[in-house]
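A.B. asks: Provided herewith: structure.cif, mmCIF, C-alpha atoms and all ligand atoms.
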```cif
data_work
#
loop_
_atom_site.label_atom_id
_atom_site.label_comp_id
_atom_site.auth_asym_id
_atom_site.auth_seq_id
_atom_site.Cartn_x
_atom_site.Cartn_y
_atom_site.Cartn_z
CA MET A 1 74.84 97.45 133.40
CA SER A 2 76.47 98.21 130.08
CA ASP A 3 74.28 99.75 127.40
CA LYS A 4 76.21 97.86 124.69
CA PRO A 5 74.19 95.31 122.72
CA THR A 6 74.76 91.81 123.99
CA THR A 7 74.44 90.20 120.57
CA TYR A 8 76.49 90.98 117.49
CA THR A 9 76.29 90.15 113.81
CA CYS A 10 79.62 88.76 112.67
CA GLN A 11 81.26 90.95 109.98
CA SER A 12 82.89 87.91 108.42
CA CYS A 13 80.15 85.29 108.26
CA GLY A 14 76.89 87.01 109.29
CA HIS A 15 76.34 84.71 112.28
CA ILE A 16 74.56 86.28 115.27
CA TYR A 17 76.34 85.70 118.56
CA SER A 18 77.39 87.23 121.87
CA GLY A 19 80.80 87.52 123.47
CA LYS A 20 84.30 88.56 122.33
CA TYR A 21 84.54 86.17 119.38
CA CYS A 22 82.12 84.80 116.77
CA ASN A 23 81.38 81.23 117.80
CA ASN A 24 80.89 80.21 114.16
CA CYS A 25 84.09 81.44 112.49
CA GLY A 26 86.20 82.85 115.35
CA GLU A 27 86.22 86.47 114.09
CA ARG A 28 86.86 89.02 116.84
CA THR A 29 83.93 91.30 117.76
CA PHE A 30 84.19 94.51 115.75
CA ASP A 31 83.41 97.84 117.42
CA GLU A 32 84.64 101.45 117.44
CA HIS A 33 87.60 100.53 119.62
CA SER A 34 88.84 98.14 116.93
CA LYS A 35 89.71 101.18 114.80
CA SER A 36 91.63 103.12 117.45
CA ILE A 37 95.39 103.48 117.29
CA SER A 38 95.71 102.19 120.84
CA HIS A 39 94.04 98.98 119.67
CA LEU A 40 96.76 98.51 117.04
CA GLY A 41 99.35 98.97 119.77
CA GLU A 42 97.53 96.51 122.02
CA GLU A 43 97.39 93.98 119.20
CA ALA A 44 101.12 94.26 118.47
CA PHE A 45 101.91 94.02 122.17
CA HIS A 46 99.60 91.06 122.58
CA PHE A 47 101.13 89.28 119.58
CA LEU A 48 104.69 89.80 120.81
CA THR A 49 104.05 88.84 124.41
CA HIS A 50 101.91 85.90 123.39
CA PHE A 51 104.52 84.77 120.86
CA GLU A 52 107.32 85.11 123.38
CA GLY A 53 105.31 83.56 126.18
CA SER A 54 104.25 80.49 124.26
CA PHE A 55 107.65 80.08 122.61
CA PHE A 56 109.54 80.06 125.89
CA ARG A 57 106.88 77.91 127.55
CA THR A 58 107.27 75.41 124.69
CA LEU A 59 111.06 75.56 124.85
CA LYS A 60 110.95 74.98 128.60
CA ALA A 61 108.57 72.03 128.20
CA VAL A 62 110.73 70.43 125.51
CA PHE A 63 113.92 70.73 127.59
CA THR A 64 112.64 70.00 131.07
CA ALA A 65 109.71 67.63 130.52
CA PRO A 66 110.46 65.29 127.60
CA GLY A 67 107.29 64.25 125.80
CA LYS A 68 105.04 66.72 127.63
CA LEU A 69 104.51 68.96 124.61
CA SER A 70 103.42 65.98 122.49
CA THR A 71 101.28 64.46 125.25
CA ASP A 72 99.47 67.75 125.89
CA TYR A 73 99.10 68.50 122.20
CA CYS A 74 97.64 65.08 121.42
CA ASN A 75 95.25 65.41 124.40
CA GLY A 76 93.90 68.72 123.11
CA ILE A 77 95.89 71.11 125.37
CA ARG A 78 97.21 73.30 122.58
CA LYS A 79 96.52 76.96 123.25
CA LYS A 80 99.39 77.65 125.67
CA TYR A 81 102.08 76.15 123.44
CA PHE A 82 103.70 76.87 120.15
CA LYS A 83 102.38 74.31 117.67
CA PRO A 84 104.97 71.52 117.22
CA ILE A 85 105.59 72.04 113.47
CA PRO A 86 106.09 75.85 113.70
CA PHE A 87 108.29 75.19 116.74
CA PHE A 88 110.41 72.77 114.70
CA LEU A 89 110.63 75.31 111.85
CA LEU A 90 111.74 78.01 114.28
CA ILE A 91 114.53 75.76 115.56
CA VAL A 92 115.60 75.18 111.93
CA VAL A 93 115.55 78.96 111.34
CA LEU A 94 117.75 79.44 114.44
CA TYR A 95 120.04 76.78 113.03
CA LEU A 96 120.08 78.63 109.67
CA LEU A 97 121.21 81.78 111.48
CA PHE A 98 124.42 80.03 112.49
CA PRO A 99 126.05 79.20 109.16
CA ARG A 100 129.27 78.29 110.98
CA PHE A 101 127.64 75.16 112.30
CA THR A 102 127.54 73.01 109.20
CA GLY A 103 126.06 69.94 110.86
CA LEU A 104 124.85 67.48 108.28
CA ASN A 105 125.79 69.42 105.20
CA MET A 106 128.53 67.27 103.64
CA PRO A 107 130.85 68.45 100.83
CA LEU A 108 130.89 66.51 97.57
CA ARG A 109 134.47 65.33 98.13
CA VAL A 110 133.32 63.26 101.14
CA TYR A 111 130.48 61.66 99.15
CA VAL A 112 132.81 60.54 96.35
CA ASP A 113 135.70 59.56 98.65
CA LYS A 114 136.27 55.82 98.23
CA THR A 115 137.09 55.37 101.94
CA TYR A 116 133.41 55.98 102.77
CA ASP A 117 130.31 54.02 101.78
CA TYR A 118 128.59 56.99 100.17
CA HIS A 119 130.67 56.66 96.99
CA VAL A 120 128.75 53.51 96.01
CA TYR A 121 125.78 55.64 94.94
CA ALA A 122 127.45 59.04 94.78
CA LEU A 123 130.20 58.32 92.23
CA PRO A 124 128.03 57.18 89.26
CA THR A 125 125.74 60.21 89.61
CA ALA A 126 128.68 62.58 89.99
CA ARG A 127 130.32 61.13 86.87
CA GLN A 128 127.13 61.64 84.87
CA LYS A 129 126.80 65.20 86.15
CA LEU A 130 130.43 65.94 85.26
CA ALA A 131 129.48 65.93 81.55
CA LYS A 132 127.28 68.99 82.14
CA TYR A 133 130.30 70.80 83.56
CA ASN A 134 132.54 69.76 80.61
CA GLY A 135 134.56 67.51 82.86
CA ASP A 136 135.53 70.37 85.19
CA GLU A 137 135.56 68.68 88.62
CA LYS A 138 136.29 71.93 90.44
CA LYS A 139 133.20 73.62 88.99
CA LEU A 140 130.96 70.65 89.80
CA THR A 141 132.26 70.53 93.39
CA GLU A 142 131.68 74.26 93.78
CA ALA A 143 128.15 74.09 92.40
CA TYR A 144 127.33 71.07 94.60
CA ASP A 145 128.70 72.55 97.82
CA ASN A 146 126.94 75.89 97.25
CA LYS A 147 123.56 74.30 96.60
CA SER A 148 123.93 71.80 99.44
CA ALA A 149 124.68 74.57 101.94
CA LYS A 150 121.34 76.14 100.99
CA ILE A 151 119.04 73.13 101.11
CA ALA A 152 120.63 70.81 103.71
CA LYS A 153 119.02 72.48 106.72
CA PRO A 154 115.44 72.98 105.43
CA MET A 155 115.55 69.41 104.16
CA LEU A 156 115.79 68.13 107.73
CA PHE A 157 112.01 68.35 107.51
CA ILE A 158 111.90 64.97 105.72
CA MET A 159 113.10 63.36 108.96
CA ILE A 160 109.69 63.99 110.56
CA PRO A 161 107.47 61.67 108.45
CA MET A 162 110.20 58.99 108.43
CA THR A 163 110.66 59.13 112.20
CA GLY A 164 106.88 59.07 112.54
CA LEU A 165 106.85 55.80 110.60
CA VAL A 166 109.55 54.30 112.84
CA LEU A 167 107.54 55.23 115.95
CA PHE A 168 104.34 53.97 114.37
CA GLY A 169 106.07 50.62 113.83
CA MET A 170 107.55 50.49 117.33
CA PHE A 171 104.44 51.59 119.24
CA PHE A 172 101.54 50.70 116.97
CA LYS A 173 99.76 49.13 119.94
CA ARG A 174 100.06 52.21 122.14
CA ARG A 175 98.70 54.98 119.93
CA ARG A 176 96.39 54.33 117.06
CA PHE A 177 96.98 57.44 114.96
CA TYR A 178 100.00 58.12 112.78
CA PHE A 179 99.31 61.75 113.67
CA ASP A 180 100.33 61.16 117.32
CA HIS A 181 103.62 59.56 116.31
CA LEU A 182 104.21 62.40 113.88
CA ILE A 183 103.81 64.94 116.68
CA TYR A 184 106.34 63.18 118.87
CA ALA A 185 108.70 62.81 115.87
CA THR A 186 108.50 66.61 115.47
CA GLU A 187 109.24 67.29 119.14
CA PHE A 188 112.17 64.89 119.13
CA SER A 189 113.62 66.22 115.87
CA ALA A 190 113.51 69.79 117.20
CA MET A 191 115.36 68.63 120.33
CA PHE A 192 117.86 66.60 118.29
CA ILE A 193 118.73 69.58 116.06
CA ALA A 194 118.89 72.00 119.00
CA VAL A 195 121.24 69.72 120.95
CA ASN A 196 123.48 68.39 118.19
CA PHE A 197 123.71 71.39 115.91
CA LEU A 198 123.17 74.41 118.16
CA LEU A 199 124.00 73.70 121.79
CA LEU A 200 126.88 71.28 121.28
CA PRO A 201 128.84 73.45 118.77
CA LEU A 202 128.12 76.46 120.99
CA LEU A 203 129.46 74.63 124.05
CA VAL A 204 132.56 73.50 122.16
CA SER A 205 133.18 77.07 120.90
CA ILE A 206 132.81 78.51 124.40
CA LEU A 207 135.10 75.87 125.92
CA ALA A 208 137.71 76.44 123.21
CA TRP A 209 137.52 80.16 123.91
CA ILE A 210 137.87 79.85 127.70
CA ILE A 211 140.46 77.06 127.84
CA PRO A 212 143.28 77.40 125.33
CA GLY A 213 143.97 74.07 123.73
CA ALA A 214 140.52 72.67 124.54
CA LYS A 215 139.77 72.52 120.83
CA SER A 216 142.17 69.61 120.40
CA LEU A 217 140.00 67.68 122.90
CA PHE A 218 137.18 67.75 120.36
CA SER A 219 139.26 67.02 117.27
CA ASP A 220 138.03 63.44 117.49
CA GLU A 221 134.27 63.84 117.28
CA THR A 222 133.35 60.28 118.24
CA PRO A 223 133.34 60.57 122.10
CA THR A 224 131.28 63.80 122.06
CA TRP A 225 128.94 62.24 119.53
CA LEU A 226 128.50 59.11 121.65
CA ILE A 227 127.85 61.03 124.88
CA THR A 228 125.34 63.33 123.17
CA ASN A 229 123.39 60.46 121.66
CA LEU A 230 123.39 58.56 124.94
CA LEU A 231 121.94 61.63 126.63
CA LEU A 232 119.36 61.86 123.86
CA ALA A 233 118.49 58.20 124.46
CA VAL A 234 117.82 58.99 128.13
CA TYR A 235 115.70 61.93 126.96
CA ALA A 236 113.76 59.69 124.57
CA ALA A 237 113.21 57.07 127.30
CA ILE A 238 111.64 59.66 129.62
CA ALA A 239 109.53 60.98 126.74
CA PHE A 240 108.37 57.47 125.76
CA ARG A 241 107.33 56.83 129.37
CA ARG A 242 105.22 59.99 129.38
CA PHE A 243 103.88 59.83 125.84
CA TYR A 244 103.29 56.10 125.31
CA GLN A 245 102.81 55.15 128.99
CA ILE A 246 104.90 51.99 128.89
CA PRO A 247 107.01 50.30 131.62
CA TRP A 248 110.50 51.69 132.28
CA TRP A 249 112.42 48.70 130.98
CA VAL A 250 110.51 48.85 127.69
CA CYS A 251 111.19 52.61 127.49
CA THR A 252 114.92 52.12 127.99
CA LEU A 253 115.15 49.38 125.39
CA THR A 254 113.01 51.12 122.80
CA ALA A 255 114.77 54.46 123.38
CA LEU A 256 118.15 52.87 122.58
CA LEU A 257 116.70 51.22 119.48
CA PHE A 258 115.05 54.48 118.51
CA ILE A 259 118.29 56.51 118.73
CA VAL A 260 120.13 53.92 116.62
CA ALA A 261 117.30 54.05 114.06
CA TYR A 262 117.27 57.86 114.09
CA VAL A 263 121.01 58.19 113.54
CA HIS A 264 120.86 55.62 110.72
CA LEU A 265 117.96 57.45 109.11
CA LEU A 266 120.04 60.62 109.10
CA GLU A 267 123.09 58.84 107.78
CA TYR A 268 121.48 56.71 105.08
CA PHE A 269 118.06 58.12 104.30
CA TYR A 270 118.47 61.87 104.80
CA LYS A 271 121.99 62.13 103.35
CA THR A 272 121.07 60.05 100.30
CA VAL A 273 117.91 62.05 99.56
CA LEU A 274 119.87 65.26 100.10
CA TYR A 275 122.57 64.11 97.68
CA TYR A 276 120.13 63.29 94.88
CA CYS A 277 118.17 66.51 95.46
CA VAL A 278 121.28 68.66 95.24
CA MET A 279 122.40 66.79 92.10
CA LEU A 280 118.97 67.37 90.59
CA PHE A 281 119.16 71.13 91.11
CA ILE A 282 122.69 71.80 89.81
ZN ZN B 1 81.67 84.65 112.10
#
```
Please lay out the structure from this file as structure tokens.
Ligand SMILES: [Zn+2]
C.D. replies:
Amino acid sequence: MSDKPTTYTCQSCGHIYSGKYCNNCGERTFDEHSKSISHLGEEAFHFLTHFEGSFFRTLKAVFTAPGKLSTDYCNGIRKKYFKPIPFFLLIVVLYLLFPRFTGLNMPLRVYVDKTYDYHVYALPTARQKLAKYNGDEKKLTEAYDNKSAKIAKPMLFIMIPMTGLVLFGMFFKRRRFYFDHLIYATEFSAMFIAVNFLLLPLLVSILAWIIPGAKSLFSDETPTWLITNLLLAVYAAIAFRRFYQIPWWVCTLTALLFIVAYVHLLEYFYKTVLYYCVMLFI
């Protein structure tokens, strides 16, 4: 038998309880050991191993079991995973660490190029902004491209609520809460960024490095882009099956629709919002 008291008074909220944690506010039981140096070491070790453990467990779930993270999270199994939003943010941070992979960050010259649709809204705003730069197009372009490089990646966050709305519309009969759709939107967006903007450029770089001349194979981006999005549609179908529990044929159909919607959201919603935001800040 231990001679330690079995009940404690919480240092944070004054609640009387027994066990390792206060069952009112969650504060850890405070004793002499809490002030030892070894405890600090234990805490750091615990944080790192826990962080690493749950991060890799989450990563594994996202890549090998589409929709499992969201399903578990929405069913209350949360402790063993990284929370979906911090997980998404970590993927964006990883993406930020590779500035070579520009991804969705588009230079001003593409926006105002009359061969693309963007110029319809981009040109009038650019012309207005030009006055601030005394008509110096080079300076405006420089300012735009610099600012855009900084905010394009963090702004991917706006894709989550929009994707959540799309899913809410598509599956409103399957899950009642917008929250649930939001969680799956987060999981999918993390996967989309990881595949399109981290793994794919990495694969292309490695191939170009191993096989001389392989780079020319990827000069036309369309086939790679099509294959990737088709694979992501398969991924989404499996996830829909698990998360929304719908028949396979419905999953396949909705997954294709969903990918088309997602890509269009990026192209028309995200890029437009990004453009106006950058223009606002320069
Ligand atoms: Zn307490």
A.B. asks: CA of Ile259 (chain A) to CA of Lys60 (chain A): how many Å, to one decimal?
C.D. replies: 22.2 Å
A.B. asks: Using all atoms listed in the file, which residues sit within 10 Å of region 156-158 of chain A once same-chain residues fewer than 2 positions away are excluded, as a ChimeraX atom specification?
C.D. replies: /A:85,88-89,92,104,151-154,160-163,186,189-190,193,266,269-271,273-274
A.B. asks: Could you give me, as a list in words, every polymer residue with an atom at most 12 Å away from an atom of ligand ZN 1 (chain B), counting all atoms listed in the file?
C.D. replies: Tyr8, Thr9, Cys10, Gln11, Ser12, Cys13, Gly14, His15, Ile16, Tyr17, Ser18, Gly19, Lys20, Tyr21, Cys22, Asn23, Asn24, Cys25, Gly26, Glu27, Arg28, Thr29 and Phe30 of chain A
A.B. asks: Would you mind listing what lies within 12 Å of region 135-138 of chain A as an MDAnalysis selection string, with all atoms listed in the file counted and same-chain residues fewer than 5 positions away left out?
C.D. replies: chainID A and resid 108:109 112 126:130 143:145
A.B. asks: Which residue gives the smallest distance to Asn75 (chain A) among A:Ala122, A:Ile183, A:Met106, A:Leu199, with all atoms listed in the file counted?
C.D. replies: A:Ile183
A.B. asks: What is the CA of Phe240 (chain A) to CA of Leu256 (chain A) distance in Å?
C.D. replies: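 Spanning CA of Phe240 (chain A) to CA of Leu256 (chain A) is a straight-line distance of 11.3 Å.
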A.B. asks: State, in Å with one decimal place, the distance from CA of Met155 (chain A) to CA of Val278 (chain A).
C.D. replies: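 These two atoms are separated by 10.6 Å.
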